[in-house]
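*Asks:* Below is upload00.tsv; it holds TSV, C-alpha atoms.
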chain	number	residue	atom	x	y	z
A	1	MET	CA	28.17	-12.90	-31.28
A	2	TYR	CA	25.29	-10.92	-29.85
A	3	ILE	CA	23.18	-10.51	-26.72
A	4	ARG	CA	19.56	-9.33	-26.35
A	5	VAL	CA	17.93	-7.83	-23.26
A	6	PHE	CA	14.57	-6.29	-22.51
A	7	ALA	CA	14.29	-2.85	-20.93
A	8	PRO	CA	10.99	-2.28	-19.07
A	9	ALA	CA	9.29	1.10	-18.76
A	10	LYS	CA	8.26	2.50	-15.39
A	11	ILE	CA	5.29	4.36	-14.04
A	12	ASN	CA	5.14	6.62	-10.99
A	13	LEU	CA	2.55	5.50	-8.48
A	14	ALA	CA	3.53	8.52	-6.40
A	15	LEU	CA	5.71	11.55	-7.12
A	16	GLU	CA	6.31	14.37	-4.69
A	17	ILE	CA	8.94	17.10	-4.94
A	18	LEU	CA	10.25	18.14	-1.54
A	19	GLY	CA	12.36	21.07	-2.67
A	20	VAL	CA	15.69	22.05	-4.18
A	21	LEU	CA	18.99	20.81	-2.75
A	22	GLU	CA	22.16	22.90	-2.42
A	23	ASN	CA	23.60	21.27	-5.54
A	24	GLY	CA	20.64	22.48	-7.59
A	25	TYR	CA	19.01	19.06	-7.94
A	26	HIS	CA	15.48	18.46	-6.69
A	27	GLU	CA	14.75	16.25	-3.70
A	28	VAL	CA	11.94	13.81	-4.43
A	29	ASP	CA	9.79	11.22	-2.69
A	30	MET	CA	8.52	8.68	-5.23
A	31	VAL	CA	7.10	5.20	-5.64
A	32	MET	CA	7.99	3.67	-9.01
A	33	GLN	CA	6.75	0.48	-10.63
A	34	SER	CA	8.19	-1.46	-13.59
A	35	ILE	CA	5.73	-2.52	-16.31
A	36	ASP	CA	5.95	-5.00	-19.18
A	37	LEU	CA	6.08	-2.35	-21.91
A	38	CYS	CA	9.68	-2.87	-23.02
A	39	ASP	CA	12.34	-1.71	-25.43
A	40	GLU	CA	14.71	-4.34	-26.80
A	41	ILE	CA	18.46	-3.83	-26.77
A	42	ILE	CA	20.67	-5.97	-28.99
A	43	ILE	CA	24.44	-5.74	-28.58
A	44	GLU	CA	26.82	-7.34	-31.07
A	45	ASP	CA	30.54	-7.17	-31.66
A	46	THR	CA	31.95	-5.68	-34.85
A	47	SER	CA	35.37	-5.58	-36.44
A	48	ASN	CA	35.70	-1.81	-36.89
A	49	ASN	CA	36.64	-0.81	-33.30
A	50	GLU	CA	33.80	1.73	-33.16
A	51	LEU	CA	30.86	2.27	-30.84
A	52	ILE	CA	27.72	2.44	-32.98
A	53	VAL	CA	24.18	3.10	-31.73
A	54	GLU	CA	21.23	2.53	-34.07
A	55	CYS	CA	17.53	2.80	-33.39
A	56	ASN	CA	14.36	1.85	-35.27
A	57	LYS	CA	12.94	5.31	-34.44
A	58	ASP	CA	14.24	8.85	-34.66
A	59	LEU	CA	15.71	9.74	-31.27
A	60	SER	CA	15.86	13.45	-32.18
A	61	CYS	CA	19.44	13.79	-30.97
A	62	LYS	CA	22.98	12.98	-32.02
A	63	PRO	CA	24.02	9.40	-31.18
A	64	GLU	CA	26.60	10.63	-28.64
A	65	ASN	CA	23.85	12.49	-26.77
A	66	ASN	CA	21.71	9.38	-26.46
A	67	LEU	CA	21.66	7.85	-22.96
A	68	ALA	CA	22.40	4.39	-24.33
A	69	TYR	CA	25.57	5.73	-25.98
A	70	LYS	CA	26.55	7.54	-22.77
A	71	ALA	CA	26.02	4.33	-20.80
A	72	ALA	CA	28.33	2.40	-23.12
A	73	LYS	CA	31.01	5.10	-22.83
A	74	LYS	CA	30.76	5.02	-19.03
A	75	PHE	CA	31.08	1.24	-19.08
A	76	PHE	CA	34.19	1.23	-21.27
A	77	ASP	CA	35.81	4.08	-19.31
A	78	TYR	CA	35.14	2.22	-16.05
A	79	THR	CA	36.40	-1.17	-17.22
A	80	GLY	CA	39.32	0.19	-19.23
A	81	LEU	CA	38.35	-1.92	-22.25
A	82	LYS	CA	39.69	-0.32	-25.44
A	83	ASP	CA	39.75	-0.81	-29.20
A	84	ILE	CA	36.55	-2.81	-29.12
A	85	GLY	CA	33.90	-2.66	-31.82
A	86	VAL	CA	30.33	-2.74	-30.50
A	87	LYS	CA	27.02	-2.09	-32.20
A	88	ILE	CA	23.97	-1.29	-30.05
A	89	ASN	CA	20.58	-1.73	-31.69
A	90	ILE	CA	17.60	-0.17	-29.89
A	91	LEU	CA	14.15	-1.43	-30.83
A	92	LYS	CA	11.88	1.17	-29.24
A	93	ASN	CA	8.38	0.31	-28.09
A	94	ILE	CA	8.22	2.75	-25.16
A	95	PRO	CA	6.92	6.17	-26.23
A	96	GLN	CA	9.51	8.92	-26.05
A	97	ARG	CA	9.23	12.01	-23.83
A	98	ALA	CA	6.40	10.34	-21.93
A	99	GLY	CA	7.62	10.09	-18.33
A	100	LEU	CA	8.07	6.33	-18.73
A	101	ALA	CA	11.90	6.32	-18.42
A	102	GLY	CA	12.41	5.11	-22.00
A	103	GLY	CA	15.89	6.62	-22.29
A	104	SER	CA	16.92	5.64	-18.77
A	105	THR	CA	15.84	2.02	-19.15
A	106	ASP	CA	17.77	1.76	-22.44
A	107	ALA	CA	20.88	3.06	-20.64
A	108	ALA	CA	20.35	0.57	-17.82
A	109	ALA	CA	19.95	-2.24	-20.34
A	110	VAL	CA	23.20	-1.29	-22.06
A	111	LEU	CA	25.12	-1.38	-18.76
A	112	TYR	CA	23.52	-4.70	-17.84
A	113	ALA	CA	24.12	-6.27	-21.25
A	114	LEU	CA	27.71	-5.06	-21.68
A	115	ASN	CA	28.57	-6.37	-18.21
A	116	SER	CA	27.43	-9.82	-19.30
A	117	PHE	CA	28.72	-9.59	-22.88
A	118	PHE	CA	32.30	-8.84	-21.76
A	119	GLU	CA	32.10	-10.89	-18.54
A	120	ALA	CA	33.24	-7.77	-16.66
A	121	LYS	CA	31.79	-9.02	-13.33
A	122	ILE	CA	30.82	-5.51	-12.21
A	123	SER	CA	28.66	-5.76	-9.10
A	124	GLU	CA	25.03	-4.60	-8.97
A	125	HIS	CA	26.11	-1.75	-6.67
A	126	GLU	CA	28.85	-0.65	-9.08
A	127	LEU	CA	26.44	-0.71	-12.03
A	128	SER	CA	24.00	1.39	-10.01
A	129	GLU	CA	26.75	3.91	-9.23
A	130	LEU	CA	27.59	4.12	-12.93
A	131	GLY	CA	23.90	4.57	-13.66
A	132	CYS	CA	23.67	7.54	-11.27
A	133	LYS	CA	26.19	9.36	-13.46
A	134	ILE	CA	23.93	8.94	-16.49
A	135	GLY	CA	20.49	9.74	-15.06
A	136	SER	CA	18.59	9.54	-11.79
A	137	ASP	CA	16.14	6.90	-13.10
A	138	VAL	CA	18.84	4.52	-14.36
A	139	PRO	CA	19.51	2.81	-10.98
A	140	PHE	CA	15.78	2.14	-10.61
A	141	CYS	CA	15.57	0.70	-14.12
A	142	LEU	CA	18.46	-1.67	-13.37
A	143	LYS	CA	16.77	-3.05	-10.25
A	144	GLY	CA	13.12	-2.67	-11.20
A	145	GLY	CA	10.03	-4.00	-9.52
A	146	CYS	CA	8.44	-1.54	-7.13
A	147	LEU	CA	10.75	0.80	-5.24
A	148	HIS	CA	10.46	3.77	-2.90
A	149	ALA	CA	12.88	6.40	-4.20
A	150	THR	CA	14.19	9.32	-2.13
A	151	GLY	CA	16.96	11.92	-2.36
A	152	THR	CA	17.42	12.75	-6.04
A	153	GLY	CA	15.64	9.49	-6.87
A	154	THR	CA	18.67	7.23	-6.48
A	155	ASN	CA	18.14	6.09	-2.87
A	156	LEU	CA	16.03	2.99	-3.46
A	157	TYR	CA	14.05	0.81	-1.06
A	158	LEU	CA	12.26	-2.35	-2.11
A	159	ILE	CA	8.51	-2.63	-1.55
A	160	PRO	CA	6.04	-5.23	-2.89
A	161	SER	CA	5.06	-4.77	-6.54
A	162	LEU	CA	1.53	-4.31	-7.79
A	163	LYS	CA	-0.11	-7.65	-8.46
A	164	ASN	CA	-3.29	-9.01	-10.02
A	165	CYS	CA	-4.07	-5.91	-12.02
A	166	PHE	CA	-3.82	-4.43	-15.50
A	167	LEU	CA	-2.60	-1.02	-16.60
A	168	VAL	CA	-3.82	1.03	-19.52
A	169	VAL	CA	-1.11	3.49	-20.55
A	170	VAL	CA	-2.04	6.40	-22.81
A	171	LYS	CA	0.52	8.67	-24.50
A	172	PRO	CA	-1.08	11.77	-26.07
A	173	LYS	CA	0.60	13.66	-28.90
A	174	ILE	CA	1.84	16.36	-26.54
A	175	SER	CA	5.29	15.89	-25.00
A	176	ILE	CA	6.60	17.57	-21.89
A	177	CYS	CA	10.23	18.51	-21.25
A	178	THR	CA	11.34	17.36	-17.80
A	179	LYS	CA	13.58	20.40	-17.36
A	180	LYS	CA	10.68	22.71	-18.18
A	181	ALA	CA	8.41	20.87	-15.75
A	182	TYR	CA	10.89	21.38	-12.92
A	183	THR	CA	11.29	25.05	-13.87
A	184	LEU	CA	7.52	25.45	-13.60
A	185	TYR	CA	7.62	23.75	-10.21
A	186	ASP	CA	10.30	26.18	-9.01
A	187	SER	CA	7.99	29.12	-9.75
A	188	TYR	CA	4.90	27.44	-8.32
A	189	LYS	CA	3.56	28.57	-4.95
A	190	SER	CA	1.40	27.22	-2.14
A	191	LEU	CA	2.25	23.53	-2.50
A	192	LYS	CA	0.91	21.33	0.30
A	193	LEU	CA	3.17	18.30	0.46
A	194	LYS	CA	1.67	14.84	0.02
A	195	SER	CA	3.03	11.73	1.70
A	196	THR	CA	3.87	8.38	0.10
A	197	GLU	CA	3.19	6.62	3.41
A	198	ASN	CA	-0.37	5.51	2.61
A	199	ILE	CA	0.41	4.11	-0.81
A	200	ILE	CA	3.40	2.18	0.56
A	201	LYS	CA	1.19	0.68	3.30
A	202	CYS	CA	-1.38	-0.35	0.69
A	203	LEU	CA	1.32	-1.95	-1.48
A	204	LYS	CA	2.62	-3.91	1.50
A	205	SER	CA	-0.86	-5.23	2.25
A	206	GLN	CA	-1.64	-5.75	-1.47
A	207	ASN	CA	-4.67	-3.47	-1.22
A	208	LEU	CA	-5.20	-2.61	-4.88
A	209	HIS	CA	-8.14	-0.30	-4.21
A	210	GLY	CA	-6.11	1.51	-1.57
A	211	VAL	CA	-3.16	1.92	-3.95
A	212	SER	CA	-5.46	3.23	-6.69
A	213	LYS	CA	-7.04	5.72	-4.30
A	214	ASN	CA	-3.67	7.09	-3.18
A	215	ILE	CA	-1.72	7.47	-6.44
A	216	PHE	CA	-0.61	11.03	-7.12
A	217	ASN	CA	1.86	13.13	-9.10
A	218	ARG	CA	2.92	16.64	-8.11
A	219	PHE	CA	3.63	17.54	-11.73
A	220	GLU	CA	-0.06	17.21	-12.58
A	221	GLU	CA	-0.82	20.19	-10.34
A	222	VAL	CA	2.18	22.15	-11.62
A	223	LEU	CA	1.42	21.56	-15.31
A	224	ASN	CA	-2.37	21.75	-15.00
A	225	ASN	CA	-2.70	20.40	-18.55
A	226	THR	CA	-6.28	20.00	-19.76
A	227	GLU	CA	-5.58	17.01	-22.03
A	228	ILE	CA	-3.86	15.07	-19.26
A	229	LEU	CA	-6.76	15.76	-16.88
A	230	ASN	CA	-9.23	14.65	-19.55
A	231	ILE	CA	-7.37	11.37	-20.12
A	232	LYS	CA	-7.50	10.67	-16.38
A	233	LYS	CA	-11.26	11.29	-16.37
A	234	SER	CA	-11.74	9.06	-19.43
A	235	LEU	CA	-9.80	6.19	-17.85
A	236	CYS	CA	-11.79	6.40	-14.61
A	237	SER	CA	-15.14	6.70	-16.39
A	238	ASN	CA	-14.24	3.53	-18.32
A	239	GLY	CA	-13.49	1.34	-15.32
A	240	ALA	CA	-10.10	2.37	-13.92
A	241	LEU	CA	-9.86	2.27	-10.13
A	242	GLY	CA	-7.55	5.27	-10.32
A	243	ALA	CA	-5.50	7.19	-12.89
A	244	CYS	CA	-2.35	9.28	-12.77
A	245	MET	CA	0.29	10.89	-14.96
A	246	SER	CA	3.73	9.25	-14.95
A	247	GLY	CA	6.92	11.22	-14.30
A	248	SER	CA	6.88	14.68	-15.81
A	249	GLY	CA	4.44	13.40	-18.44
A	250	SER	CA	2.83	13.19	-20.76
A	251	ALA	CA	1.81	9.51	-20.46
A	252	VAL	CA	-1.14	8.72	-18.20
A	253	PHE	CA	-2.02	5.31	-16.78
A	254	GLY	CA	-5.11	3.77	-15.27
A	255	ILE	CA	-5.21	0.81	-12.87
A	256	PHE	CA	-7.77	-1.90	-13.68
A	257	GLU	CA	-8.80	-4.91	-11.63
A	258	ASP	CA	-10.61	-6.51	-14.56
A	259	LYS	CA	-8.80	-7.26	-17.83
A	260	ASN	CA	-11.97	-7.11	-19.91
A	261	LYS	CA	-12.74	-3.61	-18.64
A	262	ALA	CA	-9.19	-2.58	-19.52
A	263	ILE	CA	-9.58	-3.96	-23.05
A	264	GLU	CA	-12.93	-2.22	-23.51
A	265	CYS	CA	-11.38	1.03	-22.30
A	266	ILE	CA	-8.59	0.69	-24.87
A	267	LYS	CA	-11.11	0.10	-27.67
A	268	LYS	CA	-12.89	3.35	-26.80
A	269	LEU	CA	-9.80	5.49	-26.30
A	270	LYS	CA	-8.11	4.18	-29.46
A	271	LYS	CA	-10.58	6.31	-31.39
A	272	ILE	CA	-8.72	9.31	-29.97
A	273	TYR	CA	-5.20	8.15	-29.07
A	274	SER	CA	-2.93	6.06	-31.29
A	275	GLN	CA	-0.38	5.25	-28.57
A	276	ILE	CA	-2.26	3.21	-25.99
A	277	PHE	CA	-1.00	0.04	-24.31
A	278	LEU	CA	-2.35	-2.78	-22.15
A	279	CYS	CA	0.33	-3.59	-19.57
A	280	LYS	CA	0.99	-5.58	-16.43
A	281	PRO	CA	3.33	-4.74	-13.52
A	282	LEU	CA	6.70	-6.49	-13.24
A	283	ASP	CA	8.62	-7.45	-10.11
A	284	HIS	CA	12.02	-6.96	-11.79
A	285	GLY	CA	14.00	-4.64	-14.05
A	286	ILE	CA	16.26	-5.43	-17.04
A	287	TYR	CA	16.11	-9.07	-18.14
A	288	PHE	CA	17.46	-11.39	-20.82
A	289	SER	CA	15.32	-12.63	-23.68
A	290	GLY	CA	14.15	-16.21	-23.43
Hey, can you dump this file as structure tokens for me?
*Replies:*
Amino acid sequence: MYIRVFAPAKINLALEILGVLENGYHEVDMVMQSIDLCDEIIIEDTSNNELIVECNKDLSCKPENNLAYKAAKKFFDYTGLKDIGVKINILKNIPQRAGLAGGSTDAAAVLYALNSFFEAKISEHELSELGCKIGSDVPFCLKGGCLHATGTGTNLYLIPSLKNCFLVVVKPKISICTKKAYTLYDSYKSLKLKSTENIIKCLKSQNLHGVSKNIFNRFEEVLNNTEILNIKKSLCSNGALGACMSGSGSAVFGIFEDKNKAIECIKKLKKIYSQIFLCKPLDHGIYFSG
């Protein structure tokens, strides 16, 4: 017996850091959007009473440090299920260390799939609470669509998703450590806060040009990485209405109104970047195959 689910990536249409909370975590103000670039998670039962996680790509960490493994452990601890053999296969399509929530969406997919596989009947709220203990992006990945995220990123408010557009996502060879990016932010001075209010208004009115004009990411200013800035310029000079880095990087996306322009842009940039994807926005998170 097995079950297969798809785990969508996310992009940040807006990302502002408001400061550091007393518990040491950062307070954020973000708008996140699910896209149809997905990992696949296949869960099957085994007879050896072990929890096994396998992946088609090198995750550069021990299995027990992988977020998908941690999600499974949290699920079994919460439900009290014991002496059960489960194998989790991760088919990765989302670039790693890209700011696209690849690890978080895999963890969300594991929670979602195990809940169905074992008919545990854990509520959406309970799954979200479990997700918070794994990573701040996991609750978003469970729900998906387009959400306004506040607090540490786990207070989520539904807003209309992007529609009638195409996204070109570029992942350069460089990777950026999220922890390092926040450390750089902590030492950065003279930050004038930006508001997510305008982009949320534009999403509610389905004003694609307005959304594209108002996308931003605080980490771009903090990192000030030449390659990321050059990718943004290349996307815009090849037809994107706007371009922005996602999360703490290093993936960059451009918003296109015309599919043909997006395809032409990909053809040009493929001469430089091997990891480049044509995507569309989704109005949901984790979902079953078929």
*Asks:* What gap, in Å, lies between CA of Ser104 in chain A and CA of Lys133 in chain A?
*Replies:*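 The value is 11.3 Å.
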*Asks:* Excluding Lys179 in chain A and any residue of its chain fewer than 3 positions from it, enumerate the residues within 12 Å of it, using all atoms listed in the file, and give them as a list in words.
*Replies:*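 So the residues in contact are Tyr25, His26, Arg97, Gly99, Ile176, Tyr182, Thr183, Leu184, Tyr185, Asp186, Phe219, Gly247, Ser248 and Gly249 of chain A.
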*Asks:* From the set A:Glu126, A:Ala72, A:Ser195, A:Leu167, which residue has the shortest atom-to-atom contact distance to Leu278 in chain A, counting all atoms listed in the file?
*Replies:*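 Of all the options, A:Leu167 lies closest to Leu278 in chain A.
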*Asks:* Between CA of Tyr69 in chain A and CA of Val169 in chain A, measure the distance and give it in Å to one decimal.
*Replies:*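 Interatomic distance here is 27.3 Å.
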*Asks:* What separation in Å, quoted to one decimal, exists between CA of Lys201 in chain A and CA of Ser128 in chain A?
*Replies:*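 Taking CA of Lys201 in chain A as the start and CA of Ser128 in chain A as the end point, the length is 26.4 Å.
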*Asks:* Identify, on the basis of all atoms listed in the file, every residue whose closest approach to range 265-270 of chain A does not exceed 10 Å; exclude the query and any residue fewer than 3 positions from it along the same chain; express the result as a PyMOL selection string.
*Replies:* chain A and resi 168-170+231+234-240+254+256+259-262+273-278
*Asks:* Got time to write the residues from that selection, C-alpha atoms, as a PDB file, keeping the file's coordinate frame?
*Replies:*
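This went into out-v4.pdb:
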ATOM      1  CA  VAL A 168      -3.820   1.030 -19.520  1.00  0.00           C
ATOM      2  CA  VAL A 169      -1.110   3.490 -20.550  1.00  0.00           C
ATOM      3  CA  VAL A 170      -2.040   6.400 -22.810  1.00  0.00           C
ATOM      4  CA  ILE A 231      -7.370  11.370 -20.120  1.00  0.00           C
ATOM      5  CA  SER A 234     -11.740   9.060 -19.430  1.00  0.00           C
ATOM      6  CA  LEU A 235      -9.800   6.190 -17.850  1.00  0.00           C
ATOM      7  CA  CYS A 236     -11.790   6.400 -14.610  1.00  0.00           C
ATOM      8  CA  SER A 237     -15.140   6.700 -16.390  1.00  0.00           C
ATOM      9  CA  ASN A 238     -14.240   3.530 -18.320  1.00  0.00           C
ATOM     10  CA  GLY A 239     -13.490   1.340 -15.320  1.00  0.00           C
ATOM     11  CA  ALA A 240     -10.100   2.370 -13.920  1.00  0.00           C
ATOM     12  CA  GLY A 254      -5.110   3.770 -15.270  1.00  0.00           C
ATOM     13  CA  PHE A 256      -7.770  -1.900 -13.680  1.00  0.00           C
ATOM     14  CA  LYS A 259      -8.800  -7.260 -17.830  1.00  0.00           C
ATOM     15  CA  ASN A 260     -11.970  -7.110 -19.910  1.00  0.00           C
ATOM     16  CA  LYS A 261     -12.740  -3.610 -18.640  1.00  0.00           C
ATOM     17  CA  ALA A 262      -9.190  -2.580 -19.520  1.00  0.00           C
ATOM     18  CA  TYR A 273      -5.200   8.150 -29.070  1.00  0.00           C
ATOM     19  CA  SER A 274      -2.930   6.060 -31.290  1.00  0.00           C
ATOM     20  CA  GLN A 275      -0.380   5.250 -28.570  1.00  0.00           C
ATOM     21  CA  ILE A 276      -2.260   3.210 -25.990  1.00  0.00           C
ATOM     22  CA  PHE A 277      -1.000   0.040 -24.310  1.00  0.00           C
ATOM     23  CA  LEU A 278      -2.350  -2.780 -22.150  1.00  0.00           C
TER      24      LEU A 278
END
*Asks:* Rank A:Leu15, A:Ile159, A:Leu91, A:Leu67 by their smallest atom-to-atom distance to Glu40 in chain A, using all atoms listed in the file, and report the top residue only.
*Replies:* A:Leu91
*Asks:* Contacts of Lys194 in chain A at 9 Å or less, counting all atoms listed in the file, minus same-chain residues fewer than 6 places along, as a list in words?
*Replies:*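 Here the qualifying residues turn out to be Leu15, Glu16, Phe216 and Arg218 of chain A.
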*Asks:* Give me the residues near Ala68 in chain A as a PyMOL selection string, where near means some atom within 7 Å (using all atoms listed in the file) and where sequence neighbours in that chain fewer than 4 positions away do not count.
*Replies:* chain A and resi 72+106-107+110
*Asks:* Between A:Ala120, A:Ser60, A:Phe140, A:Arg4, which one has atoms that come closest to Lys87 in chain A, using all atoms listed in the file?
*Replies:*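 Of all the options, A:Arg4 lies closest to Lys87 in chain A.
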*Asks:* Let me make sure I understand: among A:Asn66, A:Thr226, A:Ser34, A:Gln206, which one has the smallest atom-to-atom distance to Asn164 in chain A if we use all atoms listed in the file?
*Replies:*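 Nearest candidate to Asn164 in chain A out of A:Asn66, A:Thr226, A:Ser34, A:Gln206: A:Gln206.
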*Asks:* Please identify all polymer residues within 10 Å of Phe118 in chain A, counting all atoms listed in the file, omitting same-chain residues fewer than 5 positions from it, and present them as a ChimeraX atom specification.
*Replies:* /A:79,81,113
*Asks:* Between A:Lys280, A:Lys70, A:Lys271, A:His125, which is the closest to Gly103 in chain A once you count all atoms listed in the file?
*Replies:*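 Closest candidate: A:Lys70.
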*Asks:* Padding 8 Å on every side, please: axis-aligned box over the listed atoms of range 58-68 of chain A, centre and edge lengths to one decimal in Å, as lines of an AutoDock Vina configuration file.
*Replies:*
center_x = 20.4
center_y = 9.1
center_z = -28.8
size_x = 28.4
size_y = 25.4
size_z = 27.7
*Asks:* With all atoms listed in the file as the basis for distance, which of A:Gly285, A:Gly151, A:Gly210, A:Pro172 is at the shortest distance from Ile255 in chain A?
*Replies:*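 Between A:Gly285, A:Gly151, A:Gly210, A:Pro172, the residue approaching Ile255 in chain A most closely is A:Gly210.
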*Asks:* Rebuild N, CA and C atoms on range 244-269 of chain A, as a PDB file, keeping the file's coordinate frame?
*Replies:*
ATOM      1  N   CYS A 244      -3.382   8.325 -13.152  1.00  0.00           N
ATOM      2  CA  CYS A 244      -2.350   9.280 -12.770  1.00  0.00           C
ATOM      3  C   CYS A 244      -1.380   9.485 -13.940  1.00  0.00           C
ATOM      4  N   MET A 245      -0.775  10.650 -13.995  1.00  0.00           N
ATOM      5  CA  MET A 245       0.290  10.890 -14.960  1.00  0.00           C
ATOM      6  C   MET A 245       1.572  10.254 -14.438  1.00  0.00           C
ATOM      7  N   SER A 246       2.451   9.839 -15.343  1.00  0.00           N
ATOM      8  CA  SER A 246       3.730   9.250 -14.950  1.00  0.00           C
ATOM      9  C   SER A 246       4.867  10.241 -15.156  1.00  0.00           C
ATOM     10  N   GLY A 247       5.766  10.332 -14.188  1.00  0.00           N
ATOM     11  CA  GLY A 247       6.920  11.220 -14.300  1.00  0.00           C
ATOM     12  C   GLY A 247       6.494  12.648 -14.565  1.00  0.00           C
ATOM     13  N   SER A 248       7.249  13.324 -15.428  1.00  0.00           N
ATOM     14  CA  SER A 248       6.880  14.680 -15.810  1.00  0.00           C
ATOM     15  C   SER A 248       5.941  14.694 -17.006  1.00  0.00           C
ATOM     16  N   GLY A 249       5.415  13.511 -17.381  1.00  0.00           N
ATOM     17  CA  GLY A 249       4.440  13.400 -18.440  1.00  0.00           C
ATOM     18  C   GLY A 249       5.091  13.178 -19.802  1.00  0.00           C
ATOM     19  N   SER A 250       4.255  12.937 -20.793  1.00  0.00           N
ATOM     20  CA  SER A 250       2.830  13.190 -20.760  1.00  0.00           C
ATOM     21  C   SER A 250       1.978  11.920 -20.696  1.00  0.00           C
ATOM     22  N   ALA A 251       2.580  10.748 -20.519  1.00  0.00           N
ATOM     23  CA  ALA A 251       1.810   9.510 -20.460  1.00  0.00           C
ATOM     24  C   ALA A 251       0.979   9.466 -19.182  1.00  0.00           C
ATOM     25  N   VAL A 252      -0.219   8.892 -19.321  1.00  0.00           N
ATOM     26  CA  VAL A 252      -1.140   8.720 -18.200  1.00  0.00           C
ATOM     27  C   VAL A 252      -1.510   7.247 -18.130  1.00  0.00           C
ATOM     28  N   PHE A 253      -1.639   6.717 -16.922  1.00  0.00           N
ATOM     29  CA  PHE A 253      -2.020   5.310 -16.780  1.00  0.00           C
ATOM     30  C   PHE A 253      -3.239   5.175 -15.874  1.00  0.00           C
ATOM     31  N   GLY A 254      -3.990   4.119 -16.127  1.00  0.00           N
ATOM     32  CA  GLY A 254      -5.110   3.770 -15.270  1.00  0.00           C
ATOM     33  C   GLY A 254      -4.914   2.362 -14.738  1.00  0.00           C
ATOM     34  N   ILE A 255      -5.326   2.128 -13.505  1.00  0.00           N
ATOM     35  CA  ILE A 255      -5.210   0.810 -12.870  1.00  0.00           C
ATOM     36  C   ILE A 255      -6.556   0.092 -12.952  1.00  0.00           C
ATOM     37  N   PHE A 256      -6.546  -1.113 -13.510  1.00  0.00           N
ATOM     38  CA  PHE A 256      -7.770  -1.900 -13.680  1.00  0.00           C
ATOM     39  C   PHE A 256      -7.656  -3.217 -12.940  1.00  0.00           C
ATOM     40  N   GLU A 257      -8.734  -3.604 -12.295  1.00  0.00           N
ATOM     41  CA  GLU A 257      -8.800  -4.910 -11.630  1.00  0.00           C
ATOM     42  C   GLU A 257      -9.239  -5.980 -12.610  1.00  0.00           C
ATOM     43  N   ASP A 258     -10.020  -5.576 -13.606  1.00  0.00           N
ATOM     44  CA  ASP A 258     -10.610  -6.510 -14.560  1.00  0.00           C
ATOM     45  C   ASP A 258     -10.009  -6.298 -15.946  1.00  0.00           C
ATOM     46  N   LYS A 259      -9.456  -7.359 -16.520  1.00  0.00           N
ATOM     47  CA  LYS A 259      -8.800  -7.260 -17.830  1.00  0.00           C
ATOM     48  C   LYS A 259      -9.784  -6.867 -18.922  1.00  0.00           C
ATOM     49  N   ASN A 260     -10.986  -7.417 -18.882  1.00  0.00           N
ATOM     50  CA  ASN A 260     -11.970  -7.110 -19.910  1.00  0.00           C
ATOM     51  C   ASN A 260     -12.344  -5.635 -19.909  1.00  0.00           C
ATOM     52  N   LYS A 261     -12.451  -5.051 -18.728  1.00  0.00           N
ATOM     53  CA  LYS A 261     -12.740  -3.610 -18.640  1.00  0.00           C
ATOM     54  C   LYS A 261     -11.589  -2.800 -19.230  1.00  0.00           C
ATOM     55  N   ALA A 262     -10.365  -3.267 -18.975  1.00  0.00           N
ATOM     56  CA  ALA A 262      -9.190  -2.580 -19.520  1.00  0.00           C
ATOM     57  C   ALA A 262      -9.193  -2.634 -21.038  1.00  0.00           C
ATOM     58  N   ILE A 263      -9.540  -3.797 -21.597  1.00  0.00           N
ATOM     59  CA  ILE A 263      -9.580  -3.960 -23.050  1.00  0.00           C
ATOM     60  C   ILE A 263     -10.680  -3.097 -23.665  1.00  0.00           C
ATOM     61  N   GLU A 264     -11.821  -3.051 -23.019  1.00  0.00           N
ATOM     62  CA  GLU A 264     -12.930  -2.220 -23.510  1.00  0.00           C
ATOM     63  C   GLU A 264     -12.551  -0.740 -23.469  1.00  0.00           C
ATOM     64  N   CYS A 265     -11.846  -0.342 -22.421  1.00  0.00           N
ATOM     65  CA  CYS A 265     -11.380   1.030 -22.300  1.00  0.00           C
ATOM     66  C   CYS A 265     -10.442   1.385 -23.449  1.00  0.00           C
ATOM     67  N   ILE A 266      -9.537   0.467 -23.777  1.00  0.00           N
ATOM     68  CA  ILE A 266      -8.590   0.690 -24.870  1.00  0.00           C
ATOM     69  C   ILE A 266      -9.334   0.853 -26.197  1.00  0.00           C
ATOM     70  N   LYS A 267     -10.337   0.019 -26.434  1.00  0.00           N
ATOM     71  CA  LYS A 267     -11.110   0.100 -27.670  1.00  0.00           C
ATOM     72  C   LYS A 267     -11.741   1.484 -27.841  1.00  0.00           C
ATOM     73  N   LYS A 268     -12.247   2.039 -26.746  1.00  0.00           N
ATOM     74  CA  LYS A 268     -12.890   3.350 -26.800  1.00  0.00           C
ATOM     75  C   LYS A 268     -11.872   4.475 -27.002  1.00  0.00           C
ATOM     76  N   LEU A 269     -10.779   4.399 -26.241  1.00  0.00           N
ATOM     77  CA  LEU A 269      -9.800   5.490 -26.300  1.00  0.00           C
ATOM     78  C   LEU A 269      -8.937   5.442 -27.556  1.00  0.00           C
TER      79      LEU A 269
END
